[in-house]
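Next comes model_13.csv, a file with CSV, C-alpha atoms.
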```
chain,number,residue,atom,x,y,z
A,1,MET,CA,-14.9,26.2,-19.7
A,2,SER,CA,-11.7,24.3,-20.5
A,3,THR,CA,-9.8,23.8,-23.6
A,4,ALA,CA,-7.1,21.5,-22.2
A,5,ILE,CA,-6.3,18.8,-24.7
A,6,ALA,CA,-4.6,15.5,-23.7
A,7,PRO,CA,-1.0,15.4,-25.2
A,8,ASP,CA,-0.6,13.0,-28.1
A,9,ARG,CA,1.8,10.7,-26.2
A,10,LEU,CA,-0.6,10.3,-23.2
A,11,ARG,CA,-3.6,9.9,-25.5
A,12,ARG,CA,-1.8,7.1,-27.5
A,13,ALA,CA,-0.7,5.3,-24.3
A,14,VAL,CA,-4.3,5.4,-23.0
A,15,ALA,CA,-5.8,4.4,-26.4
A,16,SER,CA,-3.4,1.4,-26.6
A,17,SER,CA,-4.6,0.0,-23.3
A,18,LEU,CA,-8.3,0.9,-23.3
A,19,ALA,CA,-9.7,-2.5,-22.5
A,20,PRO,CA,-12.9,-2.5,-20.6
A,21,VAL,CA,-12.4,-2.8,-16.8
A,22,ARG,CA,-14.7,-4.0,-14.1
A,23,PRO,CA,-14.5,-1.6,-11.2
A,24,LEU,CA,-13.6,-3.1,-7.8
A,25,LEU,CA,-16.6,-4.0,-5.6
A,26,PRO,CA,-17.3,-1.6,-2.8
A,27,PRO,CA,-15.0,-2.1,0.2
A,28,ALA,CA,-17.8,-3.6,2.4
A,29,ARG,CA,-18.6,-6.2,-0.2
A,30,ARG,CA,-15.0,-7.0,-0.7
A,31,ALA,CA,-14.6,-7.5,3.0
A,32,LEU,CA,-17.5,-9.9,2.9
A,33,LEU,CA,-15.5,-12.1,0.5
A,34,LEU,CA,-13.3,-12.8,3.5
A,35,ALA,CA,-16.3,-14.0,5.6
A,36,PRO,CA,-15.9,-17.7,4.8
A,37,LEU,CA,-12.2,-17.5,5.6
A,38,ALA,CA,-12.9,-15.7,8.8
A,39,LEU,CA,-15.5,-18.3,9.8
A,40,ALA,CA,-13.1,-21.1,8.9
A,41,THR,CA,-10.4,-19.4,11.1
A,42,VAL,CA,-12.7,-19.2,14.0
A,43,VAL,CA,-13.7,-22.8,13.7
A,44,ALA,CA,-10.3,-24.1,12.8
A,45,VAL,CA,-8.4,-22.8,15.8
A,46,PRO,CA,-10.3,-24.9,18.4
A,47,ALA,CA,-11.1,-27.7,16.0
A,48,LEU,CA,-7.4,-28.3,15.0
A,49,ASN,CA,-6.3,-28.0,18.6
A,50,PHE,CA,-9.0,-28.6,21.2
A,51,PHE,CA,-12.0,-26.8,22.6
A,52,ARG,CA,-11.4,-25.1,26.0
A,53,PRO,CA,-12.4,-27.4,28.9
A,54,ASP,CA,-15.1,-25.1,30.1
A,55,PHE,CA,-16.6,-24.7,26.6
A,56,ALA,CA,-19.9,-26.4,27.6
A,57,GLU,CA,-20.3,-24.2,30.6
A,58,LEU,CA,-19.9,-21.1,28.5
A,59,GLY,CA,-23.0,-21.9,26.5
A,60,THR,CA,-23.6,-21.2,22.8
A,61,LEU,CA,-24.1,-17.5,23.1
A,62,ARG,CA,-21.0,-16.8,25.2
A,63,ALA,CA,-18.9,-19.1,23.2
A,64,TRP,CA,-19.9,-19.0,19.5
A,65,GLY,CA,-22.0,-15.8,19.8
A,66,PHE,CA,-19.3,-13.6,21.1
A,67,SER,CA,-16.7,-15.2,18.8
A,68,LEU,CA,-19.0,-14.4,15.9
A,69,VAL,CA,-19.3,-10.8,17.1
A,70,GLU,CA,-15.5,-10.5,17.4
A,71,ALA,CA,-15.0,-12.0,13.9
A,72,LEU,CA,-17.5,-9.6,12.4
A,73,ALA,CA,-15.7,-6.7,14.1
A,74,GLY,CA,-12.5,-8.0,12.6
A,75,LEU,CA,-14.1,-8.1,9.1
A,76,ALA,CA,-15.4,-4.6,9.6
A,77,ILE,CA,-11.9,-3.4,10.3
A,78,VAL,CA,-10.6,-5.2,7.2
A,79,GLY,CA,-13.4,-3.4,5.3
A,80,LEU,CA,-12.0,-0.1,6.6
A,81,ALA,CA,-8.6,-1.1,5.3
A,82,LEU,CA,-10.1,-1.8,1.9
A,83,ARG,CA,-11.8,1.6,2.0
A,84,GLU,CA,-8.5,3.2,2.9
A,85,SER,CA,-6.9,1.6,-0.1
A,86,ILE,CA,-9.3,3.4,-2.5
A,87,PRO,CA,-7.9,6.8,-3.7
A,88,GLY,CA,-10.1,9.7,-2.4
A,89,ARG,CA,-11.7,7.5,0.3
A,90,ALA,CA,-8.9,7.7,2.9
A,91,LEU,CA,-10.0,7.5,6.5
A,92,SER,CA,-9.7,10.4,8.9
A,93,ARG,CA,-7.3,10.2,11.8
A,94,GLY,CA,-10.2,10.0,14.1
A,95,ALA,CA,-11.7,7.0,12.2
A,96,ILE,CA,-8.3,5.3,12.2
A,97,ALA,CA,-7.8,5.9,15.9
A,98,ALA,CA,-11.4,4.6,16.6
A,99,ALA,CA,-10.8,1.5,14.5
A,100,VAL,CA,-7.6,0.7,16.4
A,101,ALA,CA,-9.2,1.4,19.7
A,102,VAL,CA,-12.1,-0.9,18.9
A,103,GLY,CA,-9.8,-3.6,17.5
A,104,LEU,CA,-7.6,-3.6,20.6
A,105,ALA,CA,-10.4,-3.1,23.2
A,106,LEU,CA,-13.1,-5.5,21.9
A,107,PRO,CA,-11.2,-8.7,22.6
A,108,LEU,CA,-10.6,-7.5,26.1
A,109,LEU,CA,-14.2,-6.5,26.6
A,110,ILE,CA,-15.4,-9.8,25.3
A,111,TYR,CA,-13.0,-11.5,27.6
A,112,VAL,CA,-14.3,-9.5,30.6
A,113,ALA,CA,-17.9,-10.0,29.6
A,114,THR,CA,-17.6,-13.8,29.2
A,115,ALA,CA,-15.2,-14.9,31.9
A,116,SER,CA,-16.8,-15.9,35.1
A,117,ARG,CA,-13.4,-15.9,37.0
A,118,PHE,CA,-10.2,-14.0,36.3
A,119,ASP,CA,-7.7,-16.3,38.0
A,120,ILE,CA,-7.6,-19.4,35.8
A,121,GLY,CA,-4.0,-19.7,34.9
A,122,VAL,CA,-1.1,-22.2,34.8
A,123,ARG,CA,1.6,-22.8,37.3
A,124,PRO,CA,4.4,-20.2,37.1
A,125,GLN,CA,6.9,-22.5,35.4
A,126,ALA,CA,4.6,-23.1,32.5
A,127,ARG,CA,3.3,-19.6,32.0
A,128,LEU,CA,5.8,-18.7,29.3
A,129,TYR,CA,5.2,-21.9,27.4
A,130,VAL,CA,1.4,-21.5,27.5
A,131,ALA,CA,1.8,-17.8,26.5
A,132,ALA,CA,4.0,-18.8,23.6
A,133,VAL,CA,1.5,-21.5,22.4
A,134,CYS,CA,-1.4,-19.0,22.5
A,135,PHE,CA,0.7,-16.3,20.8
A,136,ARG,CA,1.9,-18.7,18.1
A,137,THR,CA,-1.5,-20.2,17.5
A,138,SER,CA,-3.1,-16.8,17.1
A,139,VAL,CA,-0.5,-15.4,14.7
A,140,ILE,CA,-0.5,-18.6,12.5
A,141,ALA,CA,-4.3,-18.6,12.5
A,142,ALA,CA,-4.3,-15.0,11.3
A,143,LEU,CA,-2.0,-15.6,8.4
A,144,PRO,CA,-4.4,-16.9,5.7
A,145,ALA,CA,-6.8,-14.0,6.2
A,146,LEU,CA,-3.9,-11.6,6.4
A,147,LEU,CA,-2.6,-12.8,3.0
A,148,ALA,CA,-6.0,-12.7,1.4
A,149,ALA,CA,-6.6,-9.2,2.7
A,150,ALA,CA,-3.2,-8.2,1.5
A,151,VAL,CA,-4.1,-9.3,-2.0
A,152,LEU,CA,-7.4,-7.5,-1.9
A,153,VAL,CA,-5.7,-4.3,-0.8
A,154,ALA,CA,-2.9,-4.6,-3.3
A,155,ARG,CA,-5.5,-4.8,-6.1
A,156,ALA,CA,-6.5,-1.3,-5.2
A,157,LEU,CA,-4.2,1.7,-4.9
A,158,PRO,CA,-3.4,2.3,-1.2
A,159,LEU,CA,-1.9,5.7,-0.9
A,160,ARG,CA,-1.0,5.1,2.7
A,161,PRO,CA,0.0,1.4,2.5
A,162,GLY,CA,1.3,1.3,6.1
A,163,VAL,CA,-2.1,2.5,7.4
A,164,ALA,CA,-4.1,0.1,5.2
A,165,GLY,CA,-1.8,-2.8,6.1
A,166,ALA,CA,-1.9,-2.1,9.9
A,167,LEU,CA,-5.7,-1.9,9.7
A,168,TYR,CA,-6.1,-5.2,7.8
A,169,GLY,CA,-3.5,-6.8,10.1
A,170,LEU,CA,-5.5,-5.6,13.1
A,171,GLY,CA,-8.7,-7.0,11.6
A,172,CYS,CA,-7.1,-10.3,10.9
A,173,GLY,CA,-5.6,-10.4,14.4
A,174,VAL,CA,-9.1,-9.9,15.9
A,175,ILE,CA,-10.6,-12.6,13.7
A,176,ALA,CA,-7.9,-15.1,14.8
A,177,ASP,CA,-8.5,-14.1,18.5
A,178,ALA,CA,-12.2,-14.9,18.0
A,179,GLY,CA,-11.0,-18.5,17.4
A,180,LEU,CA,-8.4,-18.4,20.1
A,181,ARG,CA,-10.9,-17.6,22.8
A,182,LEU,CA,-12.6,-20.9,22.0
A,183,PHE,CA,-9.4,-22.8,22.6
A,184,CYS,CA,-7.7,-21.1,25.5
A,185,GLU,CA,-9.4,-21.3,28.9
A,186,PHE,CA,-6.9,-19.2,30.8
A,187,THR,CA,-8.4,-16.0,32.1
A,188,MET,CA,-5.5,-14.5,34.0
A,189,PRO,CA,-5.3,-10.8,32.8
A,190,SER,CA,-1.5,-11.0,32.4
A,191,HIS,CA,-1.9,-14.0,30.0
A,192,VAL,CA,-4.8,-12.5,28.0
A,193,VAL,CA,-3.1,-9.1,27.6
A,194,THR,CA,0.4,-10.3,26.7
A,195,ALA,CA,-0.3,-13.5,24.7
A,196,HIS,CA,-3.6,-12.8,23.1
A,197,GLY,CA,-3.3,-9.0,22.9
A,198,GLY,CA,0.3,-9.2,21.9
A,199,ALA,CA,-0.5,-11.5,19.0
A,200,ILE,CA,-3.1,-9.0,17.7
A,201,VAL,CA,-0.5,-6.2,17.8
A,202,VAL,CA,2.1,-8.3,16.1
A,203,VAL,CA,-0.3,-9.3,13.3
A,204,MET,CA,-1.2,-5.6,13.0
A,205,VAL,CA,2.5,-4.6,12.6
A,206,LEU,CA,3.0,-7.5,10.2
A,207,GLY,CA,0.2,-6.2,8.0
A,208,GLY,CA,1.7,-2.7,8.0
A,209,VAL,CA,5.1,-4.1,7.0
A,210,ILE,CA,3.6,-6.4,4.3
A,211,ALA,CA,1.6,-3.6,2.7
A,212,SER,CA,4.5,-1.1,2.9
A,213,VAL,CA,7.0,-3.5,1.4
A,214,GLY,CA,4.6,-4.7,-1.2
A,215,HIS,CA,3.7,-1.2,-2.3
A,216,ARG,CA,7.4,-0.2,-2.6
A,217,ARG,CA,8.0,-3.2,-4.9
B,218,MET,CA,-18.0,26.8,-22.9
B,219,ASP,CA,-21.3,25.0,-21.9
B,220,ASP,CA,-19.8,21.7,-22.6
B,221,GLY,CA,-16.8,22.4,-20.3
B,222,ARG,CA,-19.1,23.6,-17.5
B,223,LYS,CA,-21.2,20.5,-17.8
B,224,ALA,CA,-18.2,18.3,-17.8
B,225,ARG,CA,-17.1,19.9,-14.6
B,226,ASP,CA,-20.3,18.9,-13.0
B,227,ASP,CA,-19.9,15.7,-10.9
B,228,GLY,CA,-22.8,13.9,-12.6
B,229,GLU,CA,-21.3,14.5,-16.0
B,230,LEU,CA,-17.9,13.4,-14.8
B,231,CYS,CA,-19.4,10.2,-13.4
B,232,ARG,CA,-21.1,9.6,-16.7
B,233,LEU,CA,-17.8,10.1,-18.6
B,234,MET,CA,-16.1,7.8,-16.2
B,235,SER,CA,-18.5,5.0,-16.9
B,236,VAL,CA,-18.1,5.4,-20.6
B,237,TYR,CA,-14.3,5.4,-20.2
B,238,LEU,CA,-14.4,2.3,-18.0
B,239,ASP,CA,-16.5,0.5,-20.5
B,240,GLY,CA,-13.7,0.7,-23.0
B,241,ARG,CA,-16.1,1.0,-25.9
B,242,PRO,CA,-15.5,3.1,-29.0
B,243,GLY,CA,-16.4,6.4,-27.2
B,244,ALA,CA,-14.0,5.7,-24.4
B,245,ILE,CA,-11.1,7.7,-25.7
B,246,ASP,CA,-13.4,10.7,-26.3
B,247,ALA,CA,-14.6,10.3,-22.7
B,248,PHE,CA,-11.0,10.3,-21.6
B,249,ASP,CA,-10.4,13.5,-23.6
B,250,ALA,CA,-13.4,15.1,-21.9
B,251,LEU,CA,-12.2,14.0,-18.5
B,252,TYR,CA,-8.8,15.4,-19.3
B,253,ALA,CA,-10.3,18.7,-20.4
B,254,ALA,CA,-12.4,19.0,-17.2
B,255,LEU,CA,-9.8,17.8,-14.7
B,256,ALA,CA,-6.4,18.7,-16.1
B,257,PRO,CA,-6.5,22.5,-15.3
B,258,ARG,CA,-7.7,21.8,-11.8
B,259,LEU,CA,-5.1,19.1,-11.2
B,260,ARG,CA,-2.4,21.4,-12.6
B,261,SER,CA,-3.3,24.2,-10.2
B,262,PHE,CA,-3.3,21.7,-7.4
B,263,LEU,CA,0.0,20.2,-8.3
B,264,LEU,CA,1.5,23.6,-9.0
B,265,GLY,CA,0.6,24.5,-5.4
B,266,LEU,CA,2.5,21.5,-4.2
B,267,CYS,CA,5.6,21.7,-6.3
B,268,ARG,CA,5.8,25.4,-7.2
B,269,ASP,CA,7.3,24.6,-10.6
B,270,ALA,CA,5.2,25.1,-13.7
B,271,ALA,CA,7.1,22.7,-16.0
B,272,LEU,CA,7.1,20.0,-13.3
B,273,ALA,CA,3.4,20.5,-12.6
B,274,ASP,CA,2.7,19.9,-16.3
B,275,ASP,CA,4.7,16.7,-16.2
B,276,LEU,CA,3.0,15.6,-13.0
B,277,VAL,CA,-0.4,16.2,-14.6
B,278,GLN,CA,0.6,13.7,-17.4
B,279,ASP,CA,1.8,11.2,-14.8
B,280,THR,CA,-1.4,11.6,-12.9
B,281,PHE,CA,-3.5,10.8,-15.9
B,282,MET,CA,-1.3,7.8,-16.7
B,283,GLN,CA,-1.7,6.6,-13.1
B,284,LEU,CA,-5.4,7.4,-13.2
B,285,HIS,CA,-5.6,5.2,-16.3
B,286,ARG,CA,-3.7,2.3,-14.8
B,287,SER,CA,-5.8,2.5,-11.6
B,288,ARG,CA,-9.1,3.2,-13.2
B,289,ARG,CA,-10.6,0.0,-11.7
B,290,THR,CA,-10.3,1.6,-8.3
B,291,TYR,CA,-12.9,4.3,-9.2
B,292,GLU,CA,-16.3,3.4,-7.6
B,293,PRO,CA,-19.1,4.1,-10.1
B,294,GLY,CA,-21.5,6.8,-8.9
B,295,ARG,CA,-19.0,8.4,-6.5
B,296,PRO,CA,-17.6,11.9,-7.3
B,297,VAL,CA,-14.6,11.7,-9.7
B,298,ALA,CA,-12.7,14.7,-8.5
B,299,PRO,CA,-11.7,13.5,-5.0
B,300,TRP,CA,-10.5,10.2,-6.6
B,301,ALA,CA,-8.4,12.1,-9.2
B,302,PHE,CA,-7.0,14.5,-6.7
B,303,ALA,CA,-5.9,11.7,-4.3
B,304,ILE,CA,-4.1,10.1,-7.2
B,305,ALA,CA,-2.5,13.4,-8.1
B,306,ARG,CA,-1.2,13.8,-4.6
B,307,HIS,CA,0.1,10.3,-4.7
B,308,VAL,CA,1.9,11.0,-7.9
B,309,TYR,CA,3.5,14.1,-6.4
B,310,LEU,CA,4.6,12.2,-3.3
B,311,MET,CA,6.1,9.5,-5.4
B,312,HIS,CA,8.0,12.1,-7.5
B,313,ARG,CA,9.3,13.7,-4.3
B,314,ARG,CA,10.5,10.3,-3.0
B,315,ARG,CA,12.2,9.5,-6.3
B,316,THR,CA,13.9,12.9,-6.3
B,317,ALA,CA,15.1,12.5,-2.8
B,318,ARG,CA,16.5,9.1,-3.7
B,319,ARG,CA,18.3,10.5,-6.7
B,320,LEU,CA,19.8,13.3,-4.7
B,321,ARG,CA,21.0,10.8,-2.1
B,322,PHE,CA,22.6,8.7,-4.8
B,323,GLU,CA,24.3,11.7,-6.4
B,324,GLU,CA,25.6,12.8,-3.0
B,325,THR,CA,27.0,9.3,-2.3
B,326,LEU,CA,28.6,9.2,-5.7
B,327,ALA,CA,30.1,12.6,-5.3
B,328,ALA,CA,31.4,11.7,-1.8
B,329,GLU,CA,32.9,8.5,-3.2
B,330,THR,CA,34.4,10.3,-6.1
B,331,LEU,CA,35.7,13.4,-4.5
B,332,GLY,CA,36.5,12.1,-1.0
B,333,ALA,CA,35.5,14.0,2.1
B,334,ASP,CA,38.1,16.7,1.9
B,335,ALA,CA,37.3,17.6,-1.7
B,336,LEU,CA,33.6,17.8,-0.8
B,337,LEU,CA,34.4,20.4,1.8
B,338,VAL,CA,36.4,22.6,-0.6
B,339,ARG,CA,33.9,22.1,-3.6
B,340,ASP,CA,36.4,23.5,-6.0
B,341,ASP,CA,35.0,23.8,-9.5
B,342,VAL,CA,37.9,22.1,-11.2
B,343,SER,CA,37.7,19.0,-9.0
B,344,VAL,CA,34.0,18.8,-9.5
B,345,LEU,CA,34.5,18.9,-13.2
B,346,ALA,CA,37.2,16.3,-12.9
B,347,ALA,CA,35.0,14.1,-10.8
B,348,ARG,CA,32.2,14.4,-13.3
B,349,ASP,CA,34.6,13.4,-16.1
B,350,GLU,CA,35.8,10.5,-13.9
B,351,LEU,CA,32.2,9.4,-13.3
B,352,ARG,CA,31.3,9.7,-17.0
B,353,ARG,CA,34.3,7.5,-17.9
B,354,ALA,CA,33.5,5.0,-15.2
B,355,LEU,CA,29.8,4.9,-16.3
B,356,ALA,CA,30.9,4.3,-19.9
B,357,ALA,CA,32.8,1.3,-18.8
B,358,VAL,CA,29.7,-0.3,-17.3
B,359,PRO,CA,27.9,-2.7,-19.8
B,360,SER,CA,25.1,-0.9,-21.5
B,361,ASP,CA,22.2,-3.0,-20.2
B,362,GLN,CA,23.5,-2.6,-16.6
B,363,ARG,CA,24.2,1.1,-17.1
B,364,GLN,CA,20.6,1.6,-18.4
B,365,ALA,CA,19.0,0.0,-15.4
B,366,LEU,CA,21.4,1.8,-13.0
B,367,VAL,CA,20.7,5.2,-14.5
B,368,MET,CA,17.0,4.6,-14.7
B,369,HIS,CA,16.8,3.5,-11.0
B,370,HIS,CA,19.4,5.5,-9.2
B,371,VAL,CA,19.5,8.7,-11.3
B,372,GLU,CA,16.1,9.0,-12.8
B,373,GLY,CA,14.3,7.5,-9.9
B,374,TRP,CA,12.3,4.8,-11.7
B,375,SER,CA,11.0,1.9,-9.6
B,376,PHE,CA,12.2,-1.6,-10.6
B,377,ALA,CA,8.7,-2.5,-11.6
B,378,GLU,CA,8.6,0.5,-13.9
B,379,ILE,CA,12.0,-0.3,-15.3
B,380,ALA,CA,11.0,-3.9,-15.9
B,381,GLU,CA,7.8,-2.8,-17.7
B,382,ARG,CA,9.7,-0.2,-19.8
B,383,LEU,CA,12.6,-2.6,-20.8
B,384,GLY,CA,10.4,-5.7,-21.2
B,385,ILE,CA,12.3,-7.7,-18.6
B,386,ARG,CA,11.5,-9.2,-15.3
B,387,VAL,CA,11.7,-7.2,-12.1
B,388,ASN,CA,14.4,-9.4,-10.7
B,389,ALA,CA,16.4,-8.9,-13.8
B,390,ALA,CA,16.1,-5.1,-13.5
B,391,LYS,CA,17.3,-5.3,-9.9
B,392,THR,CA,20.2,-7.6,-10.9
B,393,ARG,CA,21.3,-5.3,-13.7
B,394,ALA,CA,21.2,-2.2,-11.5
B,395,PHE,CA,23.1,-4.0,-8.7
B,396,ARG,CA,25.8,-5.3,-11.0
B,397,GLY,CA,26.0,-1.9,-12.7
B,398,ILE,CA,26.6,-0.2,-9.3
B,399,ARG,CA,29.2,-2.8,-8.4
B,400,LYS,CA,31.0,-2.3,-11.7
B,401,LEU,CA,30.8,1.5,-11.4
B,402,LYS,CA,32.3,1.4,-7.9
B,403,ALA,CA,35.1,-0.9,-9.0
B,404,GLN,CA,35.8,1.4,-12.0
B,405,LEU,CA,35.9,4.5,-9.7
B,406,LYS,CA,38.2,2.8,-7.3
B,407,GLY,CA,40.4,1.6,-10.1
B,408,GLU,CA,40.6,5.1,-11.6
B,409,ARG,CA,41.6,6.6,-8.3
B,410,ASN,CA,44.3,4.0,-7.7
```

For the structure just supplied, provide its representation as structure tokens.
Amino acid sequence: MSTAIAPDRLRRAVASSLAPVRPLLPPARRALLLAPLALATVVAVPALNFFRPDFAELGTLRAWGFSLVEALAGLAIVGLALRESIPGRALSRGAIAAAVAVGLALPLLIYVATASRFDIGVRPQARLYVAAVCFRTSVIAALPALLAAAVLVARALPLRPGVAGALYGLGCGVIADAGLRLFCEFTMPSHVVTAHGGAIVVVMVLGGVIASVGHRR
Amino acid sequence: MDDGRKARDDGELCRLMSVYLDGRPGAIDAFDALYAALAPRLRSFLLGLCRDAALADDLVQDTFMQLHRSRRTYEPGRPVAPWAFAIARHVYLMHRRRTARRLRFEETLAAETLGADALLVRDDVSVLAARDELRRALAAVPSDQRQALVMHHVEGWSFAEIAERLGIRVNAAKTRAFRGIRKLKAQLKGERN
């Protein structure tokens, strides 16, 4: 039993802007809107640069198959970010930790699962340059998906924008890495962890910053 | 009494939400019913957070306004209450942030006006004099700048809200508040010299 009556001022304000609205699609379906962009990112990184020299040796499954899995994992993480941005559907700490752990570990697991040797590197003098190329390529490749995800999240109401942003940043970083692994043939752990993993972390931080700043404005 | 009980039921709330989202003639009645069902619970929740009855009442209104603006984020078929409570919590946190910002601004102004020594003494006469000095300095700020300055730095409105309220662009609101502060500081400095 309740007799609470909406105050006149509130009622008038609501009545004056009571246009029909179409609710947002569920987070998973909105994440799927990014699927073409994710696919384009995976294909564009090697296509706009070059395919790794051992691409043919890898075979379709180890090359495209694992990249597809990685890109889908990235999309799933973006989906979690979209869910986080819906009031009342915030993720638990455990879910966030699990998403971050999967996002950071999956590229490494795929790298371990698909590399036949772990000593393919460049001469020491060129290491920094090659790392910079991979890092830059990955971060740039993640930007279109990052911006699209930022728009999708901003259309909702993220109550923890930093968390939502970091999650979609992580997802987009993973998507870009799925393309990067078709381009970079170097398998030295130090290169993969610092250049490839570092790029994912940077895109994740970038997502958190974009969402926080956007929310404050 | 039965109507109220029914309205509290999740299924009924979902139905009311779908009518409300449709925006058809019954939408405002659906809003009223949602208000009747949710406002008392939201008020208790907010009262528990802020421990101030008057503030809790204000926050309930703000919550329903925010709920209205963000109604597209409601997922049809899902329980309404968790969605509304999450928005209420958000509104409370925003209010707390605005209040903290306002207090910081007032402290800064007080420090600039009184100087560090006077702040330590906190003598009533000097506080009154400072207020008077501040009032005079504010009066010298052009009215459009003063309005933006007070809305942002004193009342804690965001620039987007100020822009919406005054019917200007966000950048214009920022510029006005910034120029207002600059003018206010210059005035205060001038008065002290």

Counting all atoms listed in the file, what are the residues of chain A within 12 Å of chain B, and for each of them which pair of atoms is the nearest and at what distance in Å, to one decimal? Sort the table by chain and rising number, as a tab-separated table.
```
residue	atom	partner	partner_atom	distance
A:Met1	CA	B:Gly221	CA	4.3
A:Ser2	CA	B:Gly221	CA	5.4
A:Thr3	CA	B:Ala253	CA	6.0
A:Ala4	CA	B:Ala253	CA	4.6
A:Ile5	CA	B:Ala253	CA	5.9
A:Ala6	CA	B:Tyr252	CA	6.1
A:Pro7	CA	B:Gln278	CA	8.1
A:Asp8	CA	B:Gln278	CA	10.8
A:Arg9	CA	B:Gln278	CA	9.4
A:Leu10	CA	B:Gln278	CA	6.8
A:Arg11	CA	B:Ile245	CA	7.8
A:Arg12	CA	B:Ile245	CA	9.5
A:Ala13	CA	B:Met282	CA	8.0
A:Val14	CA	B:His285	CA	6.8
A:Ala15	CA	B:Ile245	CA	6.3
A:Ser16	CA	B:Ile245	CA	10.0
A:Ser17	CA	B:His285	CA	8.8
A:Leu18	CA	B:Gly240	CA	5.4
A:Ala19	CA	B:Gly240	CA	5.1
A:Pro20	CA	B:Gly240	CA	4.1
A:Val21	CA	B:Leu238	CA	5.6
A:Arg22	CA	B:Arg289	CA	6.2
A:Pro23	CA	B:Arg289	CA	4.2
A:Leu24	CA	B:Thr290	CA	5.8
A:Leu25	CA	B:Glu292	CA	7.7
A:Pro26	CA	B:Glu292	CA	7.0
A:Pro27	CA	B:Glu292	CA	9.6
A:Leu82	CA	B:Thr290	CA	10.8
A:Arg83	CA	B:Thr290	CA	10.4
A:Glu84	CA	B:Ala303	CA	11.4
A:Ser85	CA	B:Thr290	CA	8.9
A:Ile86	CA	B:Thr290	CA	6.2
A:Pro87	CA	B:Trp300	CA	5.2
A:Gly88	CA	B:Trp300	CA	4.2
A:Arg89	CA	B:Trp300	CA	7.5
A:Ala90	CA	B:Ala303	CA	8.8
A:Leu152	CA	B:Thr290	CA	11.5
A:Val153	CA	B:Thr290	CA	10.6
A:Ala154	CA	B:Thr290	CA	10.9
A:Arg155	CA	B:Thr290	CA	8.3
A:Ala156	CA	B:Thr290	CA	5.7
A:Leu157	CA	B:Ser287	CA	6.9
A:Pro158	CA	B:His307	CA	9.4
A:Leu159	CA	B:His307	CA	6.3
A:Arg160	CA	B:His307	CA	9.1
A:Pro161	CA	B:His307	CA	11.4
A:Gly214	CA	B:Ala377	CA	11.4
A:His215	CA	B:Ala377	CA	10.6
A:Arg216	CA	B:Ser375	CA	8.1
A:Arg217	CA	B:Ala377	CA	6.8
```

Exercise. Can you tell me how far atom CA of Ala63 of chain A sits from atom CA of Phe51 of chain A, in Å to one decimal?
Worked result: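 Computing it gives 10.4 Å between the two atoms.
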
For this session: Name all residues at most 12 Å from Thr194 of chain A (count all atoms listed in the file; drop same-chain ones fewer than 2 positions away) and give them as a VMD selection string.
Result: chain A and resid 108 127 to 128 130 to 132 134 to 135 187 to 192 196 to 202

Would you save the residues of that selection, restricted to C-alpha atoms, as a CSV table (one decimal), in the coordinates of the input?
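Writing done, so here's again.csv:
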```
chain,number,residue,atom,x,y,z
A,108,LEU,CA,-10.6,-7.5,26.1
A,127,ARG,CA,3.3,-19.6,32.0
A,128,LEU,CA,5.8,-18.7,29.3
A,130,VAL,CA,1.4,-21.5,27.5
A,131,ALA,CA,1.8,-17.8,26.5
A,132,ALA,CA,4.0,-18.8,23.6
A,134,CYS,CA,-1.4,-19.0,22.5
A,135,PHE,CA,0.7,-16.3,20.8
A,187,THR,CA,-8.4,-16.0,32.1
A,188,MET,CA,-5.5,-14.5,34.0
A,189,PRO,CA,-5.3,-10.8,32.8
A,190,SER,CA,-1.5,-11.0,32.4
A,191,HIS,CA,-1.9,-14.0,30.0
A,192,VAL,CA,-4.8,-12.5,28.0
A,196,HIS,CA,-3.6,-12.8,23.1
A,197,GLY,CA,-3.3,-9.0,22.9
A,198,GLY,CA,0.3,-9.2,21.9
A,199,ALA,CA,-0.5,-11.5,19.0
A,200,ILE,CA,-3.1,-9.0,17.7
A,201,VAL,CA,-0.5,-6.2,17.8
A,202,VAL,CA,2.1,-8.3,16.1
```

Exercise. Separation of atom CA of Val78 of chain A and atom CA of Gly171 of chain A, in Å?
Worked result: 5.1 Å

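For the pair atom CA of Ala354 of chain B and atom CA of Glu372 of chain B, the separation is 18.0 Å.
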
What are the centre and edge lengths in Å, to one decimal, of the axis-aligned box around all listed atoms of segment 258-265 of chain B with 3 Å added on each side, as AutoDock Vina command-line options?
```
--center_x -3.1 --center_y 21.8 --center_z -9.0 --size_x 15.2 --size_y 11.4 --size_z 13.2
```

Exercise. Within 10 Å of (-9.2, -17.4, 39.8), in the coordinates the file gives, what residues turn up when you count all atoms listed in the file, written out as an MDAnalysis selection string?
Worked result: chainID A and resid 116:121 186:188

Give me a file of those residues, with C-alpha atoms, as an mmCIF file, keeping the file's coordinate frame.
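Output file selection-v9.cif is given in full below:
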```
data_model
loop_
_atom_site.group_PDB
_atom_site.id
_atom_site.type_symbol
_atom_site.label_atom_id
_atom_site.label_comp_id
_atom_site.auth_asym_id
_atom_site.auth_seq_id
_atom_site.Cartn_x
_atom_site.Cartn_y
_atom_site.Cartn_z
ATOM 1 C CA SER A 116 -16.800 -15.900 35.100
ATOM 2 C CA ARG A 117 -13.400 -15.900 37.000
ATOM 3 C CA PHE A 118 -10.200 -14.000 36.300
ATOM 4 C CA ASP A 119 -7.700 -16.300 38.000
ATOM 5 C CA ILE A 120 -7.600 -19.400 35.800
ATOM 6 C CA GLY A 121 -4.000 -19.700 34.900
ATOM 7 C CA PHE A 186 -6.900 -19.200 30.800
ATOM 8 C CA THR A 187 -8.400 -16.000 32.100
ATOM 9 C CA MET A 188 -5.500 -14.500 34.000
#
```
